[in-house]
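Okay, protein-v3.cif now, which holds mmCIF, C-alpha atoms and all ligand atoms:
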data_work
#
loop_
_atom_site.label_atom_id
_atom_site.label_comp_id
_atom_site.auth_asym_id
_atom_site.auth_seq_id
_atom_site.Cartn_x
_atom_site.Cartn_y
_atom_site.Cartn_z
CA MET S 468 0.00 0.00 0.00
CA LYS S 469 1.44 3.37 -1.09
CA LYS S 470 1.14 6.37 1.22
CA SER S 471 0.43 10.08 0.80
CA GLY S 472 -0.90 12.77 3.09
CA ILE S 473 -1.03 16.39 4.13
CA LEU S 474 1.65 18.00 6.30
CA GLY S 475 0.68 21.06 8.35
CA CYS S 476 -0.16 22.38 11.78
CA PRO S 477 -2.95 22.46 12.82
CA LEU S 478 -4.86 20.12 10.49
CA GLY S 479 -8.09 19.71 12.46
CA HIS S 480 -10.49 20.77 9.69
CA SER S 481 -8.72 19.47 6.57
CA ILE S 482 -11.10 17.62 4.25
CA SER S 483 -8.33 16.58 1.82
CA PRO S 484 -8.10 13.01 3.25
CA CYS S 485 -11.80 12.46 2.46
CA PHE S 486 -11.66 13.41 -1.22
CA GLN S 487 -8.18 12.03 -1.97
CA ASN S 488 -9.04 8.62 -0.46
CA ALA S 489 -12.30 8.63 -2.45
CA ALA S 490 -10.24 9.16 -5.62
CA PHE S 491 -7.85 6.28 -4.83
CA THR S 492 -10.77 3.97 -4.10
CA ASN S 493 -12.64 5.00 -7.24
CA LEU S 494 -9.68 4.19 -9.49
CA GLY S 495 -8.73 1.03 -7.56
CA ILE S 496 -5.30 2.44 -6.65
CA GLU S 497 -3.78 0.79 -3.58
CA ALA S 498 -2.86 3.95 -1.70
CA THR S 499 -3.97 5.96 1.31
CA TYR S 500 -3.99 9.67 2.11
CA GLU S 501 -3.61 10.67 5.75
CA ALA S 502 -3.54 13.84 7.87
CA TRP S 503 0.00 14.30 9.21
CA PRO S 504 0.11 17.05 11.84
CA VAL S 505 3.76 18.04 12.19
CA VAL S 506 5.46 20.45 14.58
CA MET S 507 8.26 22.64 13.21
CA ALA S 508 11.09 20.66 14.83
CA GLU S 509 9.94 17.44 13.11
CA LEU S 510 9.62 18.90 9.62
CA PRO S 511 13.08 18.01 8.19
CA GLU S 512 12.78 14.39 9.32
CA ARG S 513 9.20 14.04 8.02
CA ILE S 514 10.28 15.38 4.63
CA GLN S 515 13.30 13.06 4.57
CA ASN S 516 10.97 10.07 5.21
CA LEU S 517 9.01 10.90 2.04
CA ARG S 518 11.99 9.59 0.02
CA GLU S 519 11.15 6.00 1.00
CA SER S 520 9.67 3.92 -1.80
CA ASP S 521 6.22 3.48 -0.22
CA PHE S 522 5.52 7.25 -0.27
CA LEU S 523 3.89 8.83 -3.34
CA GLY S 524 4.42 12.29 -1.87
CA ALA S 525 2.50 14.85 0.17
CA ASN S 526 0.50 18.02 0.23
CA VAL S 527 1.86 20.86 2.34
CA THR S 528 -0.22 23.50 4.07
CA ILE S 529 0.09 26.31 6.63
CA PRO S 530 2.68 27.05 8.00
CA TYR S 531 5.16 25.00 5.92
CA LYS S 532 4.57 25.96 2.26
CA GLU S 533 7.70 28.14 2.12
CA LEU S 534 9.75 26.30 4.74
CA VAL S 535 9.82 23.00 2.81
CA ILE S 536 11.55 24.52 -0.22
CA PRO S 537 15.17 24.13 0.99
CA LEU S 538 14.42 20.54 2.02
CA LEU S 539 13.52 19.44 -1.54
CA ASP S 540 15.70 18.47 -4.53
CA GLU S 541 13.87 20.33 -7.35
CA ILE S 542 11.21 23.02 -7.48
CA ASP S 543 8.99 23.56 -10.52
CA ASP S 544 8.64 26.97 -12.19
CA TRP S 545 5.25 27.99 -10.71
CA ALA S 546 6.33 27.08 -7.17
CA LEU S 547 9.59 28.99 -7.63
CA LYS S 548 7.79 32.13 -8.84
CA ILE S 549 5.29 32.01 -5.99
CA GLY S 550 7.86 30.95 -3.41
CA SER S 551 5.59 28.26 -2.04
CA VAL S 552 5.12 24.49 -2.45
CA ASN S 553 1.80 22.75 -1.77
CA THR S 554 2.65 19.40 -3.39
CA ILE S 555 5.70 17.15 -3.05
CA VAL S 556 6.23 14.22 -5.41
CA ASN S 557 8.59 11.37 -4.54
CA GLU S 558 10.29 10.38 -7.81
CA ALA S 559 12.43 7.36 -6.89
CA GLY S 560 13.85 9.08 -3.82
CA LEU S 561 14.09 12.56 -5.37
CA LEU S 562 11.63 15.08 -3.91
CA ILE S 563 10.11 17.55 -6.41
CA GLY S 564 8.08 20.56 -5.21
CA TYR S 565 5.05 21.92 -7.11
CA ASN S 566 2.36 24.52 -6.52
CA THR S 567 -1.05 23.30 -7.74
CA ASP S 568 -3.02 26.21 -6.20
CA THR S 569 -2.34 28.14 -9.42
CA VAL S 570 -3.87 25.58 -11.77
CA GLY S 571 -6.63 24.82 -9.24
CA PHE S 572 -7.58 28.50 -9.07
CA LEU S 573 -7.52 29.06 -12.86
CA ARG S 574 -9.53 25.90 -13.58
CA ALA S 575 -12.07 26.83 -10.87
CA ILE S 576 -12.84 30.30 -12.24
CA SER S 577 -12.87 29.02 -15.82
CA GLU S 578 -14.81 25.76 -15.48
CA TYR S 579 -17.04 26.59 -12.49
CA GLY S 580 -17.21 30.39 -12.78
CA ASN S 581 -17.28 30.58 -16.60
CA TYR S 582 -14.71 33.40 -16.38
CA GLU S 583 -11.71 34.00 -18.66
CA PRO S 584 -9.25 36.52 -17.14
CA SER S 585 -7.44 37.63 -20.31
CA GLY S 586 -7.88 41.39 -20.89
CA ARG S 587 -10.13 41.84 -17.82
CA ASP S 588 -9.81 43.90 -14.61
CA VAL S 589 -9.69 41.96 -11.33
CA LEU S 590 -9.69 42.81 -7.60
CA LEU S 591 -7.80 40.34 -5.42
CA ILE S 592 -8.21 40.75 -1.65
CA GLY S 593 -5.26 39.48 0.39
CA ALA S 594 -1.51 39.15 -0.10
CA GLY S 595 -0.69 35.90 1.74
CA GLY S 596 0.28 32.55 0.23
CA ALA S 597 -3.03 31.85 -1.50
CA ALA S 598 -3.15 35.39 -2.89
CA ARG S 599 0.37 35.02 -4.27
CA ALA S 600 -0.70 31.90 -6.20
CA ALA S 601 -3.82 33.63 -7.58
CA ALA S 602 -1.95 36.85 -8.43
CA HIS S 603 0.75 35.05 -10.42
CA ALA S 604 -1.84 32.86 -12.14
CA LEU S 605 -4.02 35.85 -13.07
CA MET S 606 -1.10 37.90 -14.39
CA GLU S 607 0.21 34.99 -16.47
CA ALA S 608 -3.34 34.52 -17.79
CA GLY S 609 -3.24 38.07 -19.21
CA VAL S 610 -5.33 40.16 -16.79
CA LYS S 611 -5.39 43.82 -17.87
CA THR S 612 -5.28 45.48 -14.45
CA LEU S 613 -4.90 43.58 -11.18
CA TRP S 614 -5.87 45.51 -8.04
CA ILE S 615 -4.56 43.81 -4.91
CA ALA S 616 -5.96 44.99 -1.58
CA ASN S 617 -4.44 43.95 1.73
CA ARG S 618 -4.64 44.95 5.39
CA THR S 619 -0.82 45.17 5.61
CA TYR S 620 0.28 47.53 2.86
CA ASP S 621 4.01 46.58 2.87
CA ARG S 622 3.11 43.00 2.05
CA VAL S 623 0.89 43.89 -0.90
CA LYS S 624 3.46 46.39 -2.19
CA ARG S 625 6.12 43.65 -2.26
CA LEU S 626 3.81 41.31 -4.17
CA ALA S 627 2.89 44.04 -6.66
CA ASP S 628 6.56 44.91 -7.24
CA GLU S 629 7.24 41.27 -8.20
CA LEU S 630 4.43 41.31 -10.75
CA LEU S 631 4.98 44.72 -12.35
CA GLU S 632 7.14 43.37 -15.15
CA ILE S 633 4.29 41.10 -16.28
CA GLY S 634 1.58 43.80 -16.39
CA GLU S 635 -0.38 46.50 -14.57
CA VAL S 636 -0.73 45.85 -10.83
CA LYS S 637 -2.13 48.32 -8.28
CA PRO S 638 -1.41 47.64 -4.59
CA ILE S 639 -4.01 49.23 -2.30
CA GLY S 640 -5.25 49.15 1.29
CA LEU S 641 -8.34 47.27 2.47
CA ASP S 642 -10.40 50.42 2.75
CA GLY S 643 -10.38 53.85 1.20
CA PRO S 644 -11.43 55.26 -2.19
CA GLU S 645 -9.28 53.00 -4.36
CA PHE S 646 -10.72 49.86 -2.76
CA ARG S 647 -14.25 51.17 -3.30
CA LYS S 648 -13.50 52.22 -6.88
CA SER S 649 -11.94 48.90 -7.85
CA ALA S 650 -14.76 46.84 -6.29
CA ALA S 651 -17.28 48.78 -8.37
CA SER S 652 -15.39 48.51 -11.67
CA VAL S 653 -13.85 45.03 -11.96
CA SER S 654 -15.43 41.89 -13.48
CA LEU S 655 -13.94 39.47 -10.90
CA ILE S 656 -13.44 39.85 -7.14
CA VAL S 657 -11.44 37.18 -5.28
CA ASN S 658 -11.24 36.96 -1.50
CA SER S 659 -7.99 35.19 -0.62
CA THR S 660 -7.95 36.23 3.04
CA SER S 661 -9.25 34.05 5.85
CA LEU S 662 -12.12 36.51 6.54
CA GLY S 663 -15.39 34.58 6.71
CA MET S 664 -13.76 31.27 7.65
CA LYS S 665 -15.68 29.06 10.10
CA HIS S 666 -14.20 28.51 13.58
CA THR S 667 -12.32 31.85 13.51
CA PRO S 668 -13.06 35.18 15.24
CA GLU S 669 -13.53 36.71 11.73
CA ALA S 670 -16.17 34.16 10.62
CA HIS S 671 -18.86 36.88 10.40
CA ILE S 672 -16.80 39.39 8.36
CA ASN S 673 -17.64 40.32 4.76
CA PRO S 674 -14.72 42.28 3.23
CA LEU S 675 -17.10 43.80 0.62
CA GLU S 676 -19.68 45.05 3.12
CA GLY S 677 -21.18 48.38 2.10
CA LEU S 678 -19.30 48.56 -1.24
CA ASN S 679 -20.90 48.92 -4.66
CA ILE S 680 -20.33 45.88 -6.88
CA GLY S 681 -21.42 45.56 -10.51
CA SER S 682 -24.24 43.01 -10.89
CA SER S 683 -22.32 41.15 -13.64
CA THR S 684 -19.27 40.71 -11.38
CA LEU S 685 -18.16 37.19 -10.46
CA VAL S 686 -17.44 37.15 -6.71
CA THR S 687 -15.34 34.22 -5.53
CA ASP S 688 -14.02 33.16 -2.15
CA MET S 689 -11.04 30.92 -1.44
CA VAL S 690 -12.64 30.11 1.90
CA TYR S 691 -14.59 26.85 1.42
CA ASN S 692 -15.89 26.29 4.95
CA PRO S 693 -18.59 27.46 5.05
CA LEU S 694 -19.55 27.28 1.36
CA ASP S 695 -21.86 30.27 1.89
CA THR S 696 -19.52 32.81 3.48
CA PRO S 697 -20.99 36.19 4.51
CA MET S 698 -19.32 37.74 1.42
CA LEU S 699 -20.85 35.24 -1.01
CA THR S 700 -24.31 35.40 0.59
CA ASP S 701 -24.29 39.19 0.35
CA ALA S 702 -23.02 39.16 -3.26
CA GLU S 703 -25.67 36.63 -4.31
CA ASN S 704 -28.38 38.75 -2.68
CA ARG S 705 -27.19 41.66 -4.83
CA GLY S 706 -27.56 39.58 -8.01
CA CYS S 707 -23.86 38.80 -8.59
CA ARG S 708 -22.59 35.43 -9.76
CA ILE S 709 -20.73 33.65 -6.97
CA LEU S 710 -18.18 30.82 -6.66
CA SER S 711 -17.14 29.17 -3.39
CA GLY S 712 -13.61 28.00 -2.57
CA LEU S 713 -14.55 24.32 -2.96
CA PRO S 714 -13.84 24.00 -6.72
CA MET S 715 -10.34 25.45 -6.20
CA LEU S 716 -9.70 23.12 -3.26
CA VAL S 717 -10.80 20.02 -5.16
CA LEU S 718 -9.01 21.01 -8.37
CA GLN S 719 -5.70 21.78 -6.68
CA GLY S 720 -6.06 18.37 -5.01
CA ALA S 721 -6.90 16.76 -8.37
CA ALA S 722 -3.70 18.22 -9.84
CA SER S 723 -1.68 16.83 -6.91
CA PHE S 724 -3.35 13.42 -7.36
CA GLU S 725 -2.38 13.39 -11.05
CA LEU S 726 1.24 14.25 -10.21
CA TRP S 727 1.43 11.36 -7.70
CA THR S 728 -0.36 8.70 -9.75
CA GLY S 729 -0.03 9.69 -13.41
CA GLU S 730 -3.79 8.95 -13.69
CA GLY S 731 -6.61 11.39 -14.56
CA ALA S 732 -8.28 12.41 -11.29
CA PRO S 733 -11.98 11.46 -10.88
CA VAL S 734 -13.00 15.05 -10.17
CA ASP S 735 -16.74 14.39 -9.77
CA VAL S 736 -16.06 11.69 -7.16
CA MET S 737 -13.69 14.06 -5.33
CA PHE S 738 -16.32 16.82 -5.33
CA SER S 739 -19.01 14.57 -3.87
CA ALA S 740 -16.66 13.35 -1.14
CA ALA S 741 -15.56 16.93 -0.32
CA ARG S 742 -19.17 18.16 -0.06
CA GLN S 743 -20.09 15.19 2.13
CA ALA S 744 -17.09 15.86 4.40
CA LEU S 745 -18.23 19.47 4.90
CA ILE S 746 -21.76 18.29 5.70
CA ASP S 747 -20.39 15.73 8.19
CA GLN S 748 -18.25 18.40 9.85
CA SER S 749 -21.22 20.73 10.29
CA ASP S 750 -23.30 18.05 12.07
P1 LIG S 801 -1.90 33.52 4.83
O1 LIG S 801 -0.68 33.35 3.99
O2 LIG S 801 -1.79 33.45 6.32
O3 LIG S 801 -2.57 34.95 4.43
C1 LIG S 801 -3.68 35.43 5.12
C2 LIG S 801 -4.26 36.67 4.42
O4 LIG S 801 -5.45 37.05 5.12
C3 LIG S 801 -3.34 37.90 4.45
O5 LIG S 801 -3.57 38.68 3.31
C4 LIG S 801 -3.82 38.62 5.73
O6 LIG S 801 -3.55 40.00 5.71
C5 LIG S 801 -5.31 38.41 5.60
N1 LIG S 801 -6.01 38.53 6.89
C6 LIG S 801 -5.97 37.65 7.93
N2 LIG S 801 -6.73 38.11 8.94
C7 LIG S 801 -7.23 39.31 8.53
C8 LIG S 801 -8.08 40.26 9.14
N3 LIG S 801 -8.58 40.09 10.39
N4 LIG S 801 -8.42 41.38 8.44
C9 LIG S 801 -7.93 41.57 7.19
N5 LIG S 801 -7.10 40.69 6.56
C10 LIG S 801 -6.78 39.58 7.23
O7 LIG S 801 -3.01 32.44 4.44
P2 LIG S 801 -3.26 31.78 3.01
O8 LIG S 801 -2.54 30.50 2.88
O9 LIG S 801 -3.06 32.82 1.98
O10 LIG S 801 -4.83 31.40 3.11
C11 LIG S 801 -5.83 32.39 3.09
C12 LIG S 801 -7.21 31.74 2.99
O11 LIG S 801 -7.32 31.05 1.74
C13 LIG S 801 -7.48 30.71 4.08
O12 LIG S 801 -8.84 30.83 4.45
C14 LIG S 801 -7.27 29.37 3.37
O13 LIG S 801 -8.03 28.32 3.94
C15 LIG S 801 -7.76 29.71 1.98
N6 LIG S 801 -7.18 28.86 0.93
C16 LIG S 801 -8.05 28.16 0.16
C17 LIG S 801 -7.57 27.37 -0.87
C18 LIG S 801 -8.53 26.62 -1.72
O14 LIG S 801 -8.10 25.70 -2.43
N7 LIG S 801 -9.81 26.96 -1.72
C19 LIG S 801 -6.18 27.26 -1.10
C20 LIG S 801 -5.31 28.00 -0.28
C21 LIG S 801 -5.83 28.79 0.74
P3 LIG S 801 -2.17 40.57 6.35
O15 LIG S 801 -1.11 40.43 5.28
O16 LIG S 801 -2.49 41.98 6.67
O17 LIG S 801 -1.86 39.74 7.57
#
Once you've parsed the file, please lay out its structure as structure tokens.
Amino acid sequence: MKKSGILGCPLGHSISPCFQNAAFTNLGIEATYEAWPVVMAELPERIQNLRESDFLGANVTIPYKELVIPLLDEIDDWALKIGSVNTIVNEAGLLIGYNTDTVGFLRAISEYGNYEPSGRDVLLIGAGGAARAAAHALMEAGVKTLWIANRTYDRVKRLADELLEIGEVKPIGLDGPEFRKSAASVSLIVNSTSLGMKHTPEAHINPLEGLNIGSSTLVTDMVYNPLDTPMLTDAENRGCRILSGLPMLVLQGAASFELWTGEGAPVDVMFSAARQALIDQSD
């Protein structure tokens, strides 16, 4: 039996084991996917163990997406640009780092949001790891102007500076006239902060509260628990199209699965298992 899993701390609410195991079972692959909570001091040894022949690889989540990079043998181009690895593949003892959040995000807005970013204006809220993946993906996909709004201005300025050679990027604060103006004018708004996430003190917060948003705007959240965040509920009530964070989560996981197994991921099966896991958690 081959092994894979997710490394992070804490991992209490991860639903990745549910949908990855459903995918292995569906394709008859003899492998398991486990939650591996790891404290910082154990990280180098846990990564070293992945070189053994029974490991397919691992997903990596908060707070280790950057810290694993020096522990790996090769890093693919997307992960290098973003400076973060969410997938490790064990290739005969060599550990290769990838970032599948980029492809997961682009597939989600295209296939589940019916949105093509090329030539469009977009507002991205947040400048953390998930935002970095979305920002690079959107710029490479040919967005015309990318507004990036973040609570901590220095962080968003650094991200914008990295992207300026690809196209037009405007770093802004999380309030003020530029935030209001961009929200009203763009065709896609992406929340990549943790605002609205269940089990946090900010679960009730809608970063777009009180702002004008065009009714043809697609509003999408990277938060997937709950599926109906305060931001998405409000946007839907105003007639906007909405997209939860679940398609991105499943599709980044599907891309990881394909890297580990070389098989096409059974995306529909993974979606059903992910939805069921969220329902089970809310009981
Ligand atoms: P991160 O690197 O810690 O970044 C967190 C971001 O949220 C930063 O921009 C931070 O702003 C902002 N933030 C946090 N608390 C805030 C507050 N009270 N007010 C305003 N801004 C606040 O985390 P991450 O890895 O980017 O993850 C962010 C979210 O995306 C999480 O909910 C995660 O579960 C989700 N995510 C979803 C997927 C998916 O597949 N759907 C994939 C990756 C991540 P500052 O810079 O000012 O601190």
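Nearest to ligand LIG 801 (chain S) of all the residues S:Leu685, S:Ala650, S:Ala702, S:Ala594 is S:Ala594, counting only C-alpha atoms and all ligand atoms.
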Mind dumping a table of every chain S residue within 9 Å of ligand LIG 801 (chain S), with the nearest atom pair and its distance in Å to one decimal, using all atoms listed in the file, sorted by chain and rising number, as JSON lines?
{"residue": "S:Thr528", "atom": "CA", "partner": "S:LIG801", "partner_atom": "O8", "distance": 7.5}
{"residue": "S:Ile529", "atom": "CA", "partner": "S:LIG801", "partner_atom": "O8", "distance": 6.2}
{"residue": "S:Pro530", "atom": "CA", "partner": "S:LIG801", "partner_atom": "O2", "distance": 8.0}
{"residue": "S:Lys532", "atom": "CA", "partner": "S:LIG801", "partner_atom": "O8", "distance": 8.5}
{"residue": "S:Asn553", "atom": "CA", "partner": "S:LIG801", "partner_atom": "C20", "distance": 9.0}
{"residue": "S:Asp568", "atom": "CA", "partner": "S:LIG801", "partner_atom": "C19", "distance": 6.1}
{"residue": "S:Gly571", "atom": "CA", "partner": "S:LIG801", "partner_atom": "O14", "distance": 7.0}
{"residue": "S:Phe572", "atom": "CA", "partner": "S:LIG801", "partner_atom": "O14", "distance": 7.2}
{"residue": "S:Ile592", "atom": "CA", "partner": "S:LIG801", "partner_atom": "O5", "distance": 7.1}
{"residue": "S:Gly593", "atom": "CA", "partner": "S:LIG801", "partner_atom": "O5", "distance": 3.5}
{"residue": "S:Ala594", "atom": "CA", "partner": "S:LIG801", "partner_atom": "O5", "distance": 4.0}
{"residue": "S:Gly595", "atom": "CA", "partner": "S:LIG801", "partner_atom": "O1", "distance": 3.4}
{"residue": "S:Gly596", "atom": "CA", "partner": "S:LIG801", "partner_atom": "O9", "distance": 3.8}
{"residue": "S:Ala597", "atom": "CA", "partner": "S:LIG801", "partner_atom": "O9", "distance": 3.6}
{"residue": "S:Ala598", "atom": "CA", "partner": "S:LIG801", "partner_atom": "O9", "distance": 5.5}
{"residue": "S:Arg599", "atom": "CA", "partner": "S:LIG801", "partner_atom": "O9", "distance": 7.5}
{"residue": "S:Ala600", "atom": "CA", "partner": "S:LIG801", "partner_atom": "C20", "distance": 8.5}
{"residue": "S:Ala616", "atom": "CA", "partner": "S:LIG801", "partner_atom": "O5", "distance": 8.3}
{"residue": "S:Asn617", "atom": "CA", "partner": "S:LIG801", "partner_atom": "O5", "distance": 5.6}
{"residue": "S:Arg618", "atom": "CA", "partner": "S:LIG801", "partner_atom": "O16", "distance": 3.9}
{"residue": "S:Thr619", "atom": "CA", "partner": "S:LIG801", "partner_atom": "O16", "distance": 3.8}
{"residue": "S:Tyr620", "atom": "CA", "partner": "S:LIG801", "partner_atom": "O16", "distance": 7.3}
{"residue": "S:Asp621", "atom": "CA", "partner": "S:LIG801", "partner_atom": "O15", "distance": 8.4}
{"residue": "S:Arg622", "atom": "CA", "partner": "S:LIG801", "partner_atom": "O15", "distance": 5.9}
{"residue": "S:Val623", "atom": "CA", "partner": "S:LIG801", "partner_atom": "O15", "distance": 7.4}
{"residue": "S:Leu641", "atom": "CA", "partner": "S:LIG801", "partner_atom": "C9", "distance": 7.4}
{"residue": "S:Asn658", "atom": "CA", "partner": "S:LIG801", "partner_atom": "O11", "distance": 7.8}
{"residue": "S:Ser659", "atom": "CA", "partner": "S:LIG801", "partner_atom": "O11", "distance": 4.8}
{"residue": "S:Thr660", "atom": "CA", "partner": "S:LIG801", "partner_atom": "O4", "distance": 3.4}
{"residue": "S:Ser661", "atom": "CA", "partner": "S:LIG801", "partner_atom": "O12", "distance": 3.5}
{"residue": "S:Leu662", "atom": "CA", "partner": "S:LIG801", "partner_atom": "C7", "distance": 6.0}
{"residue": "S:Gly663", "atom": "CA", "partner": "S:LIG801", "partner_atom": "O12", "distance": 7.9}
{"residue": "S:Met664", "atom": "CA", "partner": "S:LIG801", "partner_atom": "O12", "distance": 5.9}
{"residue": "S:Pro668", "atom": "CA", "partner": "S:LIG801", "partner_atom": "N3", "distance": 8.2}
{"residue": "S:Glu669", "atom": "CA", "partner": "S:LIG801", "partner_atom": "N3", "distance": 6.1}
{"residue": "S:Ile672", "atom": "CA", "partner": "S:LIG801", "partner_atom": "N3", "distance": 8.5}
{"residue": "S:Pro674", "atom": "CA", "partner": "S:LIG801", "partner_atom": "C9", "distance": 7.9}
{"residue": "S:Asp688", "atom": "CA", "partner": "S:LIG801", "partner_atom": "N7", "distance": 7.5}
{"residue": "S:Met689", "atom": "CA", "partner": "S:LIG801", "partner_atom": "N7", "distance": 4.2}
{"residue": "S:Val690", "atom": "CA", "partner": "S:LIG801", "partner_atom": "O12", "distance": 4.6}
{"residue": "S:Tyr691", "atom": "CA", "partner": "S:LIG801", "partner_atom": "N7", "distance": 5.7}
{"residue": "S:Asn692", "atom": "CA", "partner": "S:LIG801", "partner_atom": "O13", "distance": 8.2}
{"residue": "S:Ser711", "atom": "CA", "partner": "S:LIG801", "partner_atom": "N7", "distance": 7.8}
{"residue": "S:Gly712", "atom": "CA", "partner": "S:LIG801", "partner_atom": "N7", "distance": 4.0}
{"residue": "S:Leu713", "atom": "CA", "partner": "S:LIG801", "partner_atom": "N7", "distance": 5.6}
{"residue": "S:Pro714", "atom": "CA", "partner": "S:LIG801", "partner_atom": "N7", "distance": 7.1}
{"residue": "S:Met715", "atom": "CA", "partner": "S:LIG801", "partner_atom": "O14", "distance": 4.4}
{"residue": "S:Leu716", "atom": "CA", "partner": "S:LIG801", "partner_atom": "O14", "distance": 3.1}
{"residue": "S:Val717", "atom": "CA", "partner": "S:LIG801", "partner_atom": "O14", "distance": 6.9}
{"residue": "S:Leu718", "atom": "CA", "partner": "S:LIG801", "partner_atom": "O14", "distance": 7.6}
{"residue": "S:Gln719", "atom": "CA", "partner": "S:LIG801", "partner_atom": "O14", "distance": 6.3}
{"residue": "S:Gly720", "atom": "CA", "partner": "S:LIG801", "partner_atom": "O14", "distance": 8.0}
*asked:* Report, in Å with one decimal, the straight-line distance from CA of Thr696 (chain S) to CA of Gly677 (chain S).
replied: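 Atom-to-atom, CA of Thr696 (chain S) and CA of Gly677 (chain S) are spaced 15.7 Å apart.
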*CA of Lys548 (chain S) and CA of Pro638 (chain S) are how many Å apart?*
18.5 Å
*Given the choices S:Gly475, S:Val505, S:Ala721, S:Trp545, which gets closest to Thr569 (chain S) if the distance is worked out from all atoms listed in the file?*
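Looking at the shortest contact to Thr569 (chain S), the residue is S:Trp545.
Distance check against Leu561 (chain S) using all atoms listed in the file: of S:Ile656, S:Ala740, S:Met606, S:Leu539, the minimum falls on S:Leu539.
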_One number please: CA of Ile639 (chain S) to CA of Asp695 (chain S), in Å, one decimal._
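Computed distance, CA of Ile639 (chain S) to CA of Asp695 (chain S), equals 26.4 Å.
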Considering only C-alpha atoms, return as a PDB file with C-alpha atoms, in the coordinates of the input whatever protein or nucleic-acid residues lie within 10 Å of Ala490 (chain S), sequence-local ones (same chain, fewer than 2 positions apart) excluded.
ATOM      1  CA  PRO S 484      -8.100  13.010   3.250  1.00  0.00           C
ATOM      2  CA  CYS S 485     -11.800  12.460   2.460  1.00  0.00           C
ATOM      3  CA  PHE S 486     -11.660  13.410  -1.220  1.00  0.00           C
ATOM      4  CA  GLN S 487      -8.180  12.030  -1.970  1.00  0.00           C
ATOM      5  CA  ASN S 488      -9.040   8.620  -0.460  1.00  0.00           C
ATOM      6  CA  THR S 492     -10.770   3.970  -4.100  1.00  0.00           C
ATOM      7  CA  ASN S 493     -12.640   5.000  -7.240  1.00  0.00           C
ATOM      8  CA  LEU S 494      -9.680   4.190  -9.490  1.00  0.00           C
ATOM      9  CA  GLY S 495      -8.730   1.030  -7.560  1.00  0.00           C
ATOM     10  CA  ILE S 496      -5.300   2.440  -6.650  1.00  0.00           C
ATOM     11  CA  ALA S 498      -2.860   3.950  -1.700  1.00  0.00           C
ATOM     12  CA  THR S 499      -3.970   5.960   1.310  1.00  0.00           C
ATOM     13  CA  TYR S 500      -3.990   9.670   2.110  1.00  0.00           C
ATOM     14  CA  ALA S 721      -6.900  16.760  -8.370  1.00  0.00           C
ATOM     15  CA  PHE S 724      -3.350  13.420  -7.360  1.00  0.00           C
ATOM     16  CA  GLY S 731      -6.610  11.390 -14.560  1.00  0.00           C
ATOM     17  CA  ALA S 732      -8.280  12.410 -11.290  1.00  0.00           C
ATOM     18  CA  PRO S 733     -11.980  11.460 -10.880  1.00  0.00           C
ATOM     19  CA  VAL S 734     -13.000  15.050 -10.170  1.00  0.00           C
ATOM     20  CA  ASP S 735     -16.740  14.390  -9.770  1.00  0.00           C
ATOM     21  CA  VAL S 736     -16.060  11.690  -7.160  1.00  0.00           C
ATOM     22  CA  MET S 737     -13.690  14.060  -5.330  1.00  0.00           C
ATOM     23  CA  PHE S 738     -16.320  16.820  -5.330  1.00  0.00           C
ATOM     24  CA  ALA S 740     -16.660  13.350  -1.140  1.00  0.00           C
TER      25      ALA S 740
END
_Under the rule that all atoms listed in the file are counted, which of S:Asn673, S:Ser739, S:Ser723, S:Thr728 is the nearest residue to Thr567 (chain S)?_
S:Ser723
*Identify which of the residues S:Ile555, S:Leu538, S:Val657, S:Ala670 lies closest to Ile709 (chain S), counting all atoms listed in the file when measuring atom-to-atom distances.*
S:Val657
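For the residues S:Tyr579, S:Leu591, S:Trp614, S:Glu629, ranking by smallest atom-to-atom distance to Gly550 (chain S) using only C-alpha atoms places S:Glu629 first.
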*Can you pull out every residue within 12 Å of Gly586 (chain S), counting only C-alpha atoms, but drop anything in the same chain fewer than 4 positions away, and send it as a ChimeraX atom specification?*
/S:582,605-613,634-635,653-655
Now that the selection is made, can you save its residues with C-alpha atoms as a tab-separated table (two decimals), keeping the file's coordinate frame?
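This is the output file part_18.tsv:
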chain	number	residue	atom	x	y	z
S	582	TYR	CA	-14.71	33.40	-16.38
S	605	LEU	CA	-4.02	35.85	-13.07
S	606	MET	CA	-1.10	37.90	-14.39
S	607	GLU	CA	0.21	34.99	-16.47
S	608	ALA	CA	-3.34	34.52	-17.79
S	609	GLY	CA	-3.24	38.07	-19.21
S	610	VAL	CA	-5.33	40.16	-16.79
S	611	LYS	CA	-5.39	43.82	-17.87
S	612	THR	CA	-5.28	45.48	-14.45
S	613	LEU	CA	-4.90	43.58	-11.18
S	634	GLY	CA	1.58	43.80	-16.39
S	635	GLU	CA	-0.38	46.50	-14.57
S	653	VAL	CA	-13.85	45.03	-11.96
S	654	SER	CA	-15.43	41.89	-13.48
S	655	LEU	CA	-13.94	39.47	-10.90
_I'd like the neighbourhood of Gly479 (chain S) as a list in words, where a residue qualifies if any of its atoms comes within 10 Å (using all atoms listed in the file), though same-chain residues fewer than 3 positions away should be ignored._
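Counting only the stated atoms, we get Gly475, Cys476, Ile482, Ala502 and Pro504 of chain S.
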Generate a file of the selected residues that holds C-alpha atoms, formatted as a short mmCIF file (atom, residue, chain, number, x, y, z; two decimals), in the coordinates of the input.
data_model
loop_
_atom_site.label_atom_id
_atom_site.label_comp_id
_atom_site.auth_asym_id
_atom_site.auth_seq_id
_atom_site.Cartn_x
_atom_site.Cartn_y
_atom_site.Cartn_z
CA GLY S 475 0.68 21.06 8.35
CA CYS S 476 -0.16 22.38 11.78
CA ILE S 482 -11.10 17.62 4.25
CA ALA S 502 -3.54 13.84 7.87
CA PRO S 504 0.11 17.05 11.84
#
Could you write out as JSON the box around region 631-645 of chain S (axis-aligned, all atoms listed in the file, 6 Å on each side), with centre and edge lengths in Å to one decimal?
{"center_x": -2.1, "center_y": 48.2, "center_z": -6.8, "size_x": 30.6, "size_y": 26.2, "size_z": 31.1}
